[in-house]
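Chemist: Structure file target-v5.cif, mmCIF, C-alpha atoms; chains and numbers go by the auth columns, is pasted below:
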data_structure
#
loop_
_atom_site.group_PDB
_atom_site.id
_atom_site.type_symbol
_atom_site.label_atom_id
_atom_site.label_comp_id
_atom_site.label_asym_id
_atom_site.label_seq_id
_atom_site.Cartn_x
_atom_site.Cartn_y
_atom_site.Cartn_z
_atom_site.B_iso_or_equiv
_atom_site.auth_seq_id
_atom_site.auth_asym_id
ATOM 1 C CA MET A 1 -4.528 -13.427 -4.907 0.00 1 A
ATOM 2 C CA ILE A 2 -4.867 -9.843 -3.787 0.00 2 A
ATOM 3 C CA ARG A 3 -7.875 -7.681 -3.026 0.00 3 A
ATOM 4 C CA VAL A 4 -8.498 -4.127 -1.800 0.00 4 A
ATOM 5 C CA SER A 5 -11.765 -3.802 0.097 0.00 5 A
ATOM 6 C CA GLU A 6 -13.896 -0.828 1.085 0.00 6 A
ATOM 7 C CA GLN A 7 -16.076 -3.209 3.094 0.00 7 A
ATOM 8 C CA PRO A 8 -15.348 -4.496 6.623 0.00 8 A
ATOM 9 C CA LEU A 9 -12.810 -7.302 6.555 0.00 9 A
ATOM 10 C CA ASP A 10 -13.283 -10.616 8.373 0.00 10 A
ATOM 11 C CA PRO A 11 -9.834 -12.200 7.962 0.00 11 A
ATOM 12 C CA TRP A 12 -10.800 -15.608 9.369 0.00 12 A
ATOM 13 C CA ARG A 13 -13.734 -15.898 6.994 0.00 13 A
ATOM 14 C CA GLU A 14 -11.479 -14.794 4.103 0.00 14 A
ATOM 15 C CA ILE A 15 -9.189 -17.747 4.828 0.00 15 A
ATOM 16 C CA VAL A 16 -12.058 -20.249 4.892 0.00 16 A
ATOM 17 C CA VAL A 17 -13.583 -18.822 1.703 0.00 17 A
ATOM 18 C CA HIS A 18 -10.199 -18.882 -0.060 0.00 18 A
ATOM 19 C CA GLN A 19 -9.495 -22.476 0.943 0.00 19 A
ATOM 20 C CA ASP A 20 -12.995 -23.569 -0.107 0.00 20 A
ATOM 21 C CA ALA A 21 -12.453 -21.892 -3.477 0.00 21 A
ATOM 22 C CA HIS A 22 -9.214 -23.851 -3.992 0.00 22 A
ATOM 23 C CA PRO A 23 -10.056 -27.516 -3.293 0.00 23 A
ATOM 24 C CA GLU A 24 -7.127 -28.539 -5.495 0.00 24 A
ATOM 25 C CA LEU A 25 -4.790 -27.443 -2.688 0.00 25 A
ATOM 26 C CA ALA A 26 -6.497 -29.490 0.024 0.00 26 A
ATOM 27 C CA GLY A 27 -4.207 -32.214 1.288 0.00 27 A
ATOM 28 C CA ARG A 28 -1.143 -30.642 -0.310 0.00 28 A
ATOM 29 C CA TYR A 29 -0.289 -27.861 2.102 0.00 29 A
ATOM 30 C CA GLY A 30 0.982 -28.663 5.551 0.00 30 A
ATOM 31 C CA ALA A 31 1.526 -25.110 6.742 0.00 31 A
ATOM 32 C CA THR A 32 -0.597 -21.969 6.703 0.00 32 A
ATOM 33 C CA ALA A 33 0.979 -18.792 8.106 0.00 33 A
ATOM 34 C CA VAL A 34 -1.329 -15.860 8.771 0.00 34 A
ATOM 35 C CA PHE A 35 -0.732 -12.225 9.687 0.00 35 A
ATOM 36 C CA VAL A 36 -3.651 -9.968 10.601 0.00 36 A
ATOM 37 C CA GLY A 37 -3.103 -6.254 11.185 0.00 37 A
ATOM 38 C CA THR A 38 -5.782 -4.619 13.354 0.00 38 A
ATOM 39 C CA MET A 39 -6.456 -0.971 14.154 0.00 39 A
ATOM 40 C CA ARG A 40 -5.460 -0.034 17.708 0.00 40 A
ATOM 41 C CA ASN A 41 -7.236 2.516 19.887 0.00 41 A
ATOM 42 C CA LEU A 42 -3.960 4.050 21.079 0.00 42 A
ATOM 43 C CA ASN A 43 -1.001 5.458 19.121 0.00 43 A
ATOM 44 C CA GLU A 44 2.022 7.156 20.681 0.00 44 A
ATOM 45 C CA GLY A 45 0.083 7.491 23.927 0.00 45 A
ATOM 46 C CA VAL A 46 -2.901 9.247 22.346 0.00 46 A
ATOM 47 C CA ALA A 47 -6.386 7.731 22.123 0.00 47 A
ATOM 48 C CA VAL A 48 -7.392 7.219 18.491 0.00 48 A
ATOM 49 C CA GLU A 49 -11.085 7.618 17.667 0.00 49 A
ATOM 50 C CA ALA A 50 -11.120 6.736 13.961 0.00 50 A
ATOM 51 C CA MET A 51 -8.892 6.359 10.933 0.00 51 A
ATOM 52 C CA THR A 52 -9.114 6.829 7.195 0.00 52 A
ATOM 53 C CA LEU A 53 -7.018 4.747 4.814 0.00 53 A
ATOM 54 C CA GLU A 54 -6.250 6.475 1.536 0.00 54 A
ATOM 55 C CA HIS A 55 -4.634 4.672 -1.382 0.00 55 A
ATOM 56 C CA TYR A 56 -3.586 5.125 -5.009 0.00 56 A
ATOM 57 C CA PRO A 57 -6.152 2.863 -6.657 0.00 57 A
ATOM 58 C CA ALA A 58 -4.407 2.528 -10.028 0.00 58 A
ATOM 59 C CA MET A 59 -1.149 1.477 -8.324 0.00 59 A
ATOM 60 C CA THR A 60 -2.244 -0.443 -5.221 0.00 60 A
ATOM 61 C CA GLY A 61 -3.378 -3.629 -6.941 0.00 61 A
ATOM 62 C CA ARG A 62 -0.382 -3.727 -9.244 0.00 62 A
ATOM 63 C CA GLU A 63 2.096 -3.221 -6.395 0.00 63 A
ATOM 64 C CA LEU A 64 0.442 -5.911 -4.249 0.00 64 A
ATOM 65 C CA GLU A 65 0.565 -8.279 -7.240 0.00 65 A
ATOM 66 C CA ARG A 66 4.270 -7.557 -7.696 0.00 66 A
ATOM 67 C CA ILE A 67 4.941 -8.232 -3.999 0.00 67 A
ATOM 68 C CA CYS A 68 3.025 -11.544 -4.129 0.00 68 A
ATOM 69 C CA ASP A 69 4.711 -12.620 -7.369 0.00 69 A
ATOM 70 C CA GLU A 70 8.141 -12.018 -5.823 0.00 70 A
ATOM 71 C CA ALA A 71 7.252 -14.142 -2.787 0.00 71 A
ATOM 72 C CA MET A 72 5.858 -16.942 -4.956 0.00 72 A
ATOM 73 C CA ARG A 73 9.135 -17.003 -6.922 0.00 73 A
ATOM 74 C CA ARG A 74 11.376 -16.797 -3.870 0.00 74 A
ATOM 75 C CA TRP A 75 9.724 -19.444 -1.703 0.00 75 A
ATOM 76 C CA ASP A 76 8.125 -22.778 -2.461 0.00 76 A
ATOM 77 C CA LEU A 77 4.503 -21.721 -1.888 0.00 77 A
ATOM 78 C CA PHE A 78 1.193 -23.121 -3.045 0.00 78 A
ATOM 79 C CA ASP A 79 -0.659 -19.858 -2.674 0.00 79 A
ATOM 80 C CA ALA A 80 -0.649 -16.390 -1.105 0.00 80 A
ATOM 81 C CA LEU A 81 -3.581 -14.156 -0.196 0.00 81 A
ATOM 82 C CA VAL A 82 -3.433 -10.439 0.657 0.00 82 A
ATOM 83 C CA VAL A 83 -6.565 -8.451 1.491 0.00 83 A
ATOM 84 C CA HIS A 84 -6.321 -4.788 2.547 0.00 84 A
ATOM 85 C CA ARG A 85 -8.978 -2.392 3.789 0.00 85 A
ATOM 86 C CA VAL A 86 -9.351 1.212 2.590 0.00 86 A
ATOM 87 C CA GLY A 87 -11.726 3.980 3.617 0.00 87 A
ATOM 88 C CA PRO A 88 -13.009 4.794 7.113 0.00 88 A
ATOM 89 C CA LEU A 89 -12.029 2.452 9.967 0.00 89 A
ATOM 90 C CA GLN A 90 -12.781 2.148 13.670 0.00 90 A
ATOM 91 C CA PRO A 91 -10.546 0.752 16.432 0.00 91 A
ATOM 92 C CA ASP A 92 -10.539 -3.060 16.443 0.00 92 A
ATOM 93 C CA ASP A 93 -11.272 -3.205 12.698 0.00 93 A
ATOM 94 C CA PRO A 94 -8.954 -5.607 10.843 0.00 94 A
ATOM 95 C CA ILE A 95 -6.842 -3.642 8.325 0.00 95 A
ATOM 96 C CA VAL A 96 -4.876 -6.289 6.493 0.00 96 A
ATOM 97 C CA LEU A 97 -4.720 -10.048 6.050 0.00 97 A
ATOM 98 C CA VAL A 98 -1.678 -11.905 4.721 0.00 98 A
ATOM 99 C CA ALA A 99 -2.029 -15.690 4.414 0.00 99 A
ATOM 100 C CA VAL A 100 0.460 -18.111 2.883 0.00 100 A
ATOM 101 C CA TRP A 101 0.116 -21.822 2.162 0.00 101 A
ATOM 102 C CA SER A 102 3.122 -24.129 1.736 0.00 102 A
ATOM 103 C CA ALA A 103 4.200 -27.693 2.378 0.00 103 A
ATOM 104 C CA HIS A 104 6.285 -26.844 5.438 0.00 104 A
ATOM 105 C CA ARG A 105 6.406 -24.050 8.006 0.00 105 A
ATOM 106 C CA ASP A 106 9.779 -22.480 7.180 0.00 106 A
ATOM 107 C CA ALA A 107 8.608 -21.184 3.797 0.00 107 A
ATOM 108 C CA ALA A 108 5.190 -20.163 5.148 0.00 108 A
ATOM 109 C CA PHE A 109 6.573 -18.126 8.075 0.00 109 A
ATOM 110 C CA ALA A 110 9.328 -16.495 6.002 0.00 110 A
ATOM 111 C CA ALA A 111 7.069 -15.584 3.094 0.00 111 A
ATOM 112 C CA CYS A 112 4.307 -14.245 5.350 0.00 112 A
ATOM 113 C CA ARG A 113 6.804 -12.034 7.198 0.00 113 A
ATOM 114 C CA HIS A 114 8.306 -10.848 3.923 0.00 114 A
ATOM 115 C CA LEU A 115 4.909 -10.051 2.411 0.00 115 A
ATOM 116 C CA ILE A 116 3.743 -7.839 5.273 0.00 116 A
ATOM 117 C CA ASP A 117 7.129 -6.096 5.520 0.00 117 A
ATOM 118 C CA GLU A 118 7.201 -5.366 1.777 0.00 118 A
ATOM 119 C CA LEU A 119 3.561 -4.240 1.829 0.00 119 A
ATOM 120 C CA LYS A 120 4.351 -1.776 4.605 0.00 120 A
ATOM 121 C CA THR A 121 7.261 -0.207 2.726 0.00 121 A
ATOM 122 C CA ARG A 122 5.971 -0.347 -0.863 0.00 122 A
ATOM 123 C CA ALA A 123 2.178 -0.534 -1.176 0.00 123 A
ATOM 124 C CA PRO A 124 0.667 2.959 -1.640 0.00 124 A
ATOM 125 C CA PHE A 125 -1.590 3.211 1.411 0.00 125 A
ATOM 126 C CA TRP A 126 -1.661 6.133 3.853 0.00 126 A
ATOM 127 C CA LYS A 127 -3.282 6.238 7.286 0.00 127 A
ATOM 128 C CA LYS A 128 -4.827 9.380 8.711 0.00 128 A
ATOM 129 C CA GLU A 129 -6.019 9.070 12.282 0.00 129 A
ATOM 130 C CA ARG A 130 -8.451 11.184 14.242 0.00 130 A
ATOM 131 C CA THR A 131 -7.795 11.916 17.893 0.00 131 A
ATOM 132 C CA SER A 132 -9.365 14.369 20.339 0.00 132 A
ATOM 133 C CA GLY A 133 -6.647 16.799 19.210 0.00 133 A
ATOM 134 C CA GLY A 134 -7.633 16.611 15.548 0.00 134 A
ATOM 135 C CA GLU A 135 -6.454 14.661 12.519 0.00 135 A
ATOM 136 C CA ARG A 136 -2.884 13.602 11.668 0.00 136 A
ATOM 137 C CA TRP A 137 -1.156 11.597 8.961 0.00 137 A
ATOM 138 C CA LEU A 138 0.824 8.687 10.334 0.00 138 A
ATOM 139 C CA GLU A 139 4.572 8.295 9.915 0.00 139 A
ATOM 140 C CA PRO A 140 6.063 4.901 9.081 0.00 140 A
ATOM 141 C CA GLY A 141 6.247 3.249 12.480 0.00 141 A
ATOM 142 C CA LYS A 142 7.438 0.286 14.478 0.00 142 A
ATOM 143 C CA LYS A 143 7.702 -3.241 13.205 0.00 143 A
ATOM 144 C CA MET B 1 0.490 15.289 -25.238 0.00 144 B
ATOM 145 C CA SER B 2 1.193 16.074 -21.642 0.00 145 B
ATOM 146 C CA ILE B 3 2.158 14.588 -18.286 0.00 146 B
ATOM 147 C CA THR B 4 -0.505 13.843 -15.684 0.00 147 B
ATOM 148 C CA VAL B 5 0.661 14.584 -12.151 0.00 148 B
ATOM 149 C CA ARG B 6 -1.108 13.084 -9.148 0.00 149 B
ATOM 150 C CA TYR B 7 -0.710 13.845 -5.438 0.00 150 B
ATOM 151 C CA PHE B 8 -1.690 11.707 -2.471 0.00 151 B
ATOM 152 C CA ALA B 9 -2.185 11.973 1.296 0.00 152 B
ATOM 153 C CA SER B 10 -0.300 14.812 3.041 0.00 153 B
ATOM 154 C CA VAL B 11 1.256 15.931 -0.259 0.00 154 B
ATOM 155 C CA ARG B 12 -2.208 16.368 -1.790 0.00 155 B
ATOM 156 C CA GLU B 13 -3.438 18.246 1.277 0.00 156 B
ATOM 157 C CA SER B 14 -0.490 20.612 1.468 0.00 157 B
ATOM 158 C CA LEU B 15 -0.819 21.508 -2.232 0.00 158 B
ATOM 159 C CA GLY B 16 -4.596 21.773 -1.996 0.00 159 B
ATOM 160 C CA ARG B 17 -5.225 19.679 -5.124 0.00 160 B
ATOM 161 C CA GLY B 18 -5.034 16.079 -6.259 0.00 161 B
ATOM 162 C CA GLU B 19 -3.966 16.426 -9.859 0.00 162 B
ATOM 163 C CA ASP B 20 -2.170 18.632 -12.371 0.00 163 B
ATOM 164 C CA ARG B 21 -1.492 18.354 -16.075 0.00 164 B
ATOM 165 C CA ILE B 22 1.699 19.869 -17.459 0.00 165 B
ATOM 166 C CA ALA B 23 3.317 20.152 -20.864 0.00 166 B
ATOM 167 C CA ALA B 24 6.024 17.553 -21.427 0.00 167 B
ATOM 168 C CA ALA B 25 8.407 19.904 -23.247 0.00 168 B
ATOM 169 C CA GLY B 26 11.493 20.658 -21.181 0.00 169 B
ATOM 170 C CA VAL B 27 10.659 18.066 -18.511 0.00 170 B
ATOM 171 C CA ALA B 28 13.309 15.342 -18.225 0.00 171 B
ATOM 172 C CA THR B 29 13.060 13.836 -14.746 0.00 172 B
ATOM 173 C CA VAL B 30 10.577 13.223 -11.936 0.00 173 B
ATOM 174 C CA ALA B 31 12.148 16.116 -10.006 0.00 174 B
ATOM 175 C CA ASP B 32 11.548 18.401 -13.030 0.00 175 B
ATOM 176 C CA VAL B 33 7.877 17.396 -12.968 0.00 176 B
ATOM 177 C CA TRP B 34 7.635 18.375 -9.304 0.00 177 B
ATOM 178 C CA ARG B 35 9.300 21.752 -9.888 0.00 178 B
ATOM 179 C CA ARG B 36 7.004 22.646 -12.774 0.00 179 B
ATOM 180 C CA ALA B 37 3.739 21.237 -11.417 0.00 180 B
ATOM 181 C CA ALA B 38 3.962 21.817 -7.669 0.00 181 B
ATOM 182 C CA ALA B 39 6.172 24.916 -7.926 0.00 182 B
ATOM 183 C CA THR B 40 7.358 24.479 -4.323 0.00 183 B
ATOM 184 C CA PRO B 41 10.651 23.168 -2.890 0.00 184 B
ATOM 185 C CA LEU B 42 10.976 19.368 -2.889 0.00 185 B
ATOM 186 C CA PRO B 43 9.638 18.108 0.459 0.00 186 B
ATOM 187 C CA PRO B 44 11.966 15.831 2.451 0.00 187 B
ATOM 188 C CA ARG B 45 11.301 12.102 1.995 0.00 188 B
ATOM 189 C CA LEU B 46 9.062 12.683 -1.022 0.00 189 B
ATOM 190 C CA LEU B 47 8.313 9.439 -2.911 0.00 190 B
ATOM 191 C CA ALA B 48 7.262 9.136 -6.524 0.00 191 B
ATOM 192 C CA ALA B 49 5.912 6.711 -9.105 0.00 192 B
ATOM 193 C CA ILE B 50 5.879 6.704 -12.897 0.00 193 B
ATOM 194 C CA ASN B 51 2.904 4.886 -14.438 0.00 194 B
ATOM 195 C CA GLN B 52 2.082 3.231 -11.083 0.00 195 B
ATOM 196 C CA GLN B 53 5.619 1.948 -10.455 0.00 196 B
ATOM 197 C CA HIS B 54 7.945 3.345 -7.778 0.00 197 B
ATOM 198 C CA ALA B 55 10.543 5.662 -9.307 0.00 198 B
ATOM 199 C CA GLY B 56 13.417 7.784 -8.049 0.00 199 B
ATOM 200 C CA LEU B 57 13.366 11.567 -8.330 0.00 200 B
ATOM 201 C CA ASP B 58 16.082 11.324 -10.996 0.00 201 B
ATOM 202 C CA ALA B 59 14.124 8.816 -13.138 0.00 202 B
ATOM 203 C CA THR B 60 13.369 9.812 -16.726 0.00 203 B
ATOM 204 C CA VAL B 61 9.841 10.923 -17.597 0.00 204 B
ATOM 205 C CA HIS B 62 8.215 10.608 -21.022 0.00 205 B
ATOM 206 C CA ASP B 63 5.336 12.339 -22.756 0.00 206 B
ATOM 207 C CA GLY B 64 2.035 10.755 -21.732 0.00 207 B
ATOM 208 C CA ASP B 65 3.332 9.393 -18.398 0.00 208 B
ATOM 209 C CA GLU B 66 1.401 9.585 -15.155 0.00 209 B
ATOM 210 C CA VAL B 67 3.724 10.784 -12.382 0.00 210 B
ATOM 211 C CA ALA B 68 2.568 10.522 -8.770 0.00 211 B
ATOM 212 C CA PHE B 69 3.996 12.115 -5.625 0.00 212 B
ATOM 213 C CA PHE B 70 3.325 10.945 -2.089 0.00 213 B
ATOM 214 C CA PRO B 71 4.809 10.674 1.419 0.00 214 B
ATOM 215 C CA PRO B 72 6.276 7.436 2.847 0.00 215 B
ATOM 216 C CA VAL B 73 3.565 4.774 2.813 0.00 216 B
ATOM 217 C CA THR B 74 1.851 3.639 6.027 0.00 217 B
ATOM 218 C CA GLY B 75 -0.384 0.706 5.090 0.00 218 B
ATOM 219 C CA GLY B 76 -0.657 -2.681 6.756 0.00 219 B
#
Spit out the file's structure as structure tokens when you get a sec.
Modeler:
Amino acid sequence: MIRVSEQPLDPWREIVVHQDAHPELAGRYGATAVFVGTMRNLNEGVAVEAMTLEHYPAMTGRELERICDEAMRRWDLFDALVVHRVGPLQPDDPIVLVAVWSAHRDAAFAACRHLIDELKTRAPFWKKERTSGGERWLEPGKK
Amino acid sequence: MSITVRYFASVRESLGRGEDRIAAAGVATVADVWRRAAATPLPPRLLAAINQQHAGLDATVHDGDEVAFFPPVTGG
């Protein structure tokens, strides 16, 4: 399942809510791998005051669905969840949640890593950060 | 019919607009769309999509398509 949210994101609550909504999976999965991306207050040595996340609404959901579908086909997964924030953000705000449920850890770790890496190179989101020196669009950065 | 052209992030800001609509006649590829709509040299590392799917600058465009241009993505 994928979701793009303009509201603050609580990744840990998202996981609980998702698991509660899928009782049919309880007892079947033995591994849950989770990645949470959080906004930092420092980038390239400069203090960051705020950030805006722009996206291409008509494409974002479809691209995230494609990325999840590929992972579900490639690994033996029970479920995958991707939730991404858009709009204005403050330091320490969670930006993205990727959670994967599988029987064993190898598939969960590999699929979770793949999902966040694909999201970062394919999903149409753009970060613009505000520092004391003004605003700047981010360049694709470090892994 | 026509082609809808959409711009995002730094591409939108540098052009000063988010959308254009151009006639489809004489437009064969994504790069042709950029030349006619944006009327500026192709920026380095420009990415594109046709109908919300990633596409190369040499991909074929059809009447009624939505073509989007944007910089490298930075989500996550």
Chemist: Could you state which residues are captured by the PyMOL selection byres ((chain B and resi 157-171) around 9) in this file, as JSON, numbers by chain?
Modeler: {"B": [144, 145, 146, 147, 148, 149, 150, 151, 152, 153, 154, 155, 156, 172, 173, 174, 175, 176, 179, 180, 181, 183, 201, 202, 203, 204, 205, 206, 207, 211]}
Chemist: Using the chain letters and residue numbers of this document, give as a ChimeraX atom specification the residues selected by the PyMOL selection byres ((chain A and resi 135) around 12).
Modeler: /A:46-52,127-134,136-138 /B:153
Chemist: List the neighbours of Leu53 (chain A) out to 8 Å using only C-alpha atoms; skip same-chain residues closer than 2 positions along the sequence, and give me the result as a ChimeraX atom specification.
Modeler: /A:51,55,85-89,125-128 /B:218
Chemist: Restrict the calculation to only C-alpha atoms, then for each residue of chain A with any atom at most 12 Å from an atom of chain B give the closest atom pair and their distance in Å to one decimal, rows by chain and rising residue number, as a tab-separated table.
Modeler:
residue	atom	partner	partner_atom	distance
A:Val4	CA	B:Gly218	CA	11.7
A:Phe35	CA	B:Gly219	CA	10.0
A:Val36	CA	B:Gly219	CA	8.8
A:Gly37	CA	B:Gly219	CA	6.2
A:Thr38	CA	B:Gly219	CA	8.6
A:Met39	CA	B:Gly219	CA	9.6
A:Met51	CA	B:Gly218	CA	11.8
A:Thr52	CA	B:Ala152	CA	10.5
A:Leu53	CA	B:Gly218	CA	7.8
A:Glu54	CA	B:Ala152	CA	6.8
A:His55	CA	B:Phe151	CA	7.7
A:Tyr56	CA	B:Phe151	CA	7.3
A:Pro57	CA	B:Gln195	CA	9.4
A:Ala58	CA	B:Gln195	CA	6.6
A:Met59	CA	B:Gln195	CA	4.6
A:Thr60	CA	B:Gln195	CA	8.2
A:Gly61	CA	B:Gln195	CA	9.7
A:Arg62	CA	B:Gln195	CA	7.6
A:Glu63	CA	B:Gln196	CA	7.5
A:Leu64	CA	B:Gln196	CA	11.3
A:Glu65	CA	B:Gln196	CA	11.9
A:Arg66	CA	B:Gln196	CA	10.0
A:Val82	CA	B:Gly219	CA	10.3
A:Val83	CA	B:Gly219	CA	9.8
A:His84	CA	B:Gly219	CA	7.4
A:Arg85	CA	B:Gly219	CA	8.8
A:Val86	CA	B:Gly218	CA	9.3
A:Gly87	CA	B:Gly218	CA	11.9
A:Pro94	CA	B:Gly219	CA	9.7
A:Ile95	CA	B:Gly219	CA	6.5
A:Val96	CA	B:Gly219	CA	5.6
A:Leu97	CA	B:Gly219	CA	8.4
A:Val98	CA	B:Gly219	CA	9.5
A:Arg113	CA	B:Gly219	CA	12.0
A:Leu115	CA	B:Gly219	CA	10.2
A:Ile116	CA	B:Gly219	CA	6.9
A:Asp117	CA	B:Gly219	CA	8.6
A:Glu118	CA	B:Gly219	CA	9.7
A:Leu119	CA	B:Gly219	CA	6.7
A:Lys120	CA	B:Gly218	CA	5.4
A:Thr121	CA	B:Val216	CA	6.2
A:Arg122	CA	B:Val216	CA	6.7
A:Ala123	CA	B:Val216	CA	6.8
A:Pro124	CA	B:Val216	CA	5.6
A:Phe125	CA	B:Gly218	CA	4.6
A:Trp126	CA	B:Thr217	CA	4.8
A:Lys127	CA	B:Thr217	CA	5.9
A:Lys128	CA	B:Ala152	CA	8.3
A:Glu129	CA	B:Thr217	CA	11.4
A:Glu135	CA	B:Ser153	CA	11.3
A:Arg136	CA	B:Ser153	CA	9.1
A:Trp137	CA	B:Ser153	CA	6.8
A:Leu138	CA	B:Thr217	CA	6.7
A:Glu139	CA	B:Thr217	CA	6.6
A:Pro140	CA	B:Thr217	CA	5.4
A:Gly141	CA	B:Thr217	CA	7.8
A:Lys142	CA	B:Thr217	CA	10.7
A:Lys143	CA	B:Gly219	CA	10.6
Chemist: What is the CA of Arg188 (chain B) to CA of Ser5 (chain A) distance in Å?
Modeler: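 CA of Ser5 (chain A) lies at a distance of 28.1 Å from CA of Arg188 (chain B).
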Chemist: Determine the residue membership of the PyMOL selection byres ((chain A and resi 68-71) around 9) for the file above and supply it as a tab-separated table (two decimals) with C-alpha atoms, in the frame of the given file.
Modeler:
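Okay, this is what ended up in result-v3.tsv:
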chain	number	residue	atom	x	y	z
A	1	MET	CA	-4.53	-13.43	-4.91
A	2	ILE	CA	-4.87	-9.84	-3.79
A	63	GLU	CA	2.10	-3.22	-6.40
A	64	LEU	CA	0.44	-5.91	-4.25
A	65	GLU	CA	0.56	-8.28	-7.24
A	66	ARG	CA	4.27	-7.56	-7.70
A	67	ILE	CA	4.94	-8.23	-4.00
A	72	MET	CA	5.86	-16.94	-4.96
A	73	ARG	CA	9.14	-17.00	-6.92
A	74	ARG	CA	11.38	-16.80	-3.87
A	75	TRP	CA	9.72	-19.44	-1.70
A	76	ASP	CA	8.12	-22.78	-2.46
A	77	LEU	CA	4.50	-21.72	-1.89
A	80	ALA	CA	-0.65	-16.39	-1.10
A	81	LEU	CA	-3.58	-14.16	-0.20
A	82	VAL	CA	-3.43	-10.44	0.66
A	111	ALA	CA	7.07	-15.58	3.09
A	112	CYS	CA	4.31	-14.24	5.35
A	114	HIS	CA	8.31	-10.85	3.92
A	115	LEU	CA	4.91	-10.05	2.41
Chemist: How would region 148-165 of chain B look written as a compact mmCIF listing (two decimals), in the first residue's frame with N, CA and C atoms?
Modeler:
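Output (part.txt):
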# COMPACT_ATOMS: atom_id res chain seq x y z
N VAL B 148 2.03 20.40 -21.40
CA VAL B 148 3.41 20.35 -20.93
C VAL B 148 3.44 20.87 -19.50
N ARG B 149 4.04 20.09 -18.61
CA ARG B 149 4.08 20.49 -17.20
C ARG B 149 5.52 20.56 -16.72
N TYR B 150 5.78 21.53 -15.83
CA TYR B 150 7.13 21.76 -15.31
C TYR B 150 7.10 21.68 -13.78
N PHE B 151 8.16 21.12 -13.21
CA PHE B 151 8.20 20.98 -11.76
C PHE B 151 9.53 21.47 -11.18
N ALA B 152 9.43 21.88 -9.90
CA ALA B 152 10.60 22.24 -9.08
C ALA B 152 11.44 23.33 -9.75
N SER B 153 12.76 23.14 -9.81
CA SER B 153 13.63 24.21 -10.33
C SER B 153 13.35 24.51 -11.79
N VAL B 154 12.87 23.53 -12.55
CA VAL B 154 12.53 23.77 -13.96
C VAL B 154 11.35 24.74 -14.05
N ARG B 155 10.35 24.51 -13.22
CA ARG B 155 9.17 25.40 -13.18
C ARG B 155 9.60 26.81 -12.77
N GLU B 156 10.46 26.90 -11.77
CA GLU B 156 10.87 28.23 -11.29
C GLU B 156 11.68 28.98 -12.33
N SER B 157 12.58 28.27 -13.02
CA SER B 157 13.43 28.98 -13.98
C SER B 157 12.63 29.44 -15.20
N LEU B 158 11.56 28.69 -15.55
CA LEU B 158 10.73 29.12 -16.68
C LEU B 158 9.67 30.14 -16.26
N GLY B 159 9.36 30.16 -14.96
CA GLY B 159 8.38 31.11 -14.46
C GLY B 159 6.94 30.70 -14.72
N ARG B 160 6.72 29.42 -15.01
CA ARG B 160 5.35 28.92 -15.21
C ARG B 160 5.33 27.41 -15.01
N GLY B 161 4.15 26.90 -14.72
CA GLY B 161 4.02 25.48 -14.40
C GLY B 161 3.47 24.64 -15.53
N GLU B 162 2.91 25.30 -16.54
CA GLU B 162 2.24 24.53 -17.59
C GLU B 162 2.21 25.30 -18.90
N ASP B 163 2.26 24.56 -19.99
CA ASP B 163 2.07 25.09 -21.33
C ASP B 163 1.17 24.13 -22.10
N ARG B 164 0.58 24.63 -23.16
CA ARG B 164 -0.16 23.76 -24.07
C ARG B 164 0.32 24.09 -25.48
N ILE B 165 0.75 23.08 -26.21
CA ILE B 165 1.29 23.33 -27.55
C ILE B 165 0.55 22.47 -28.58
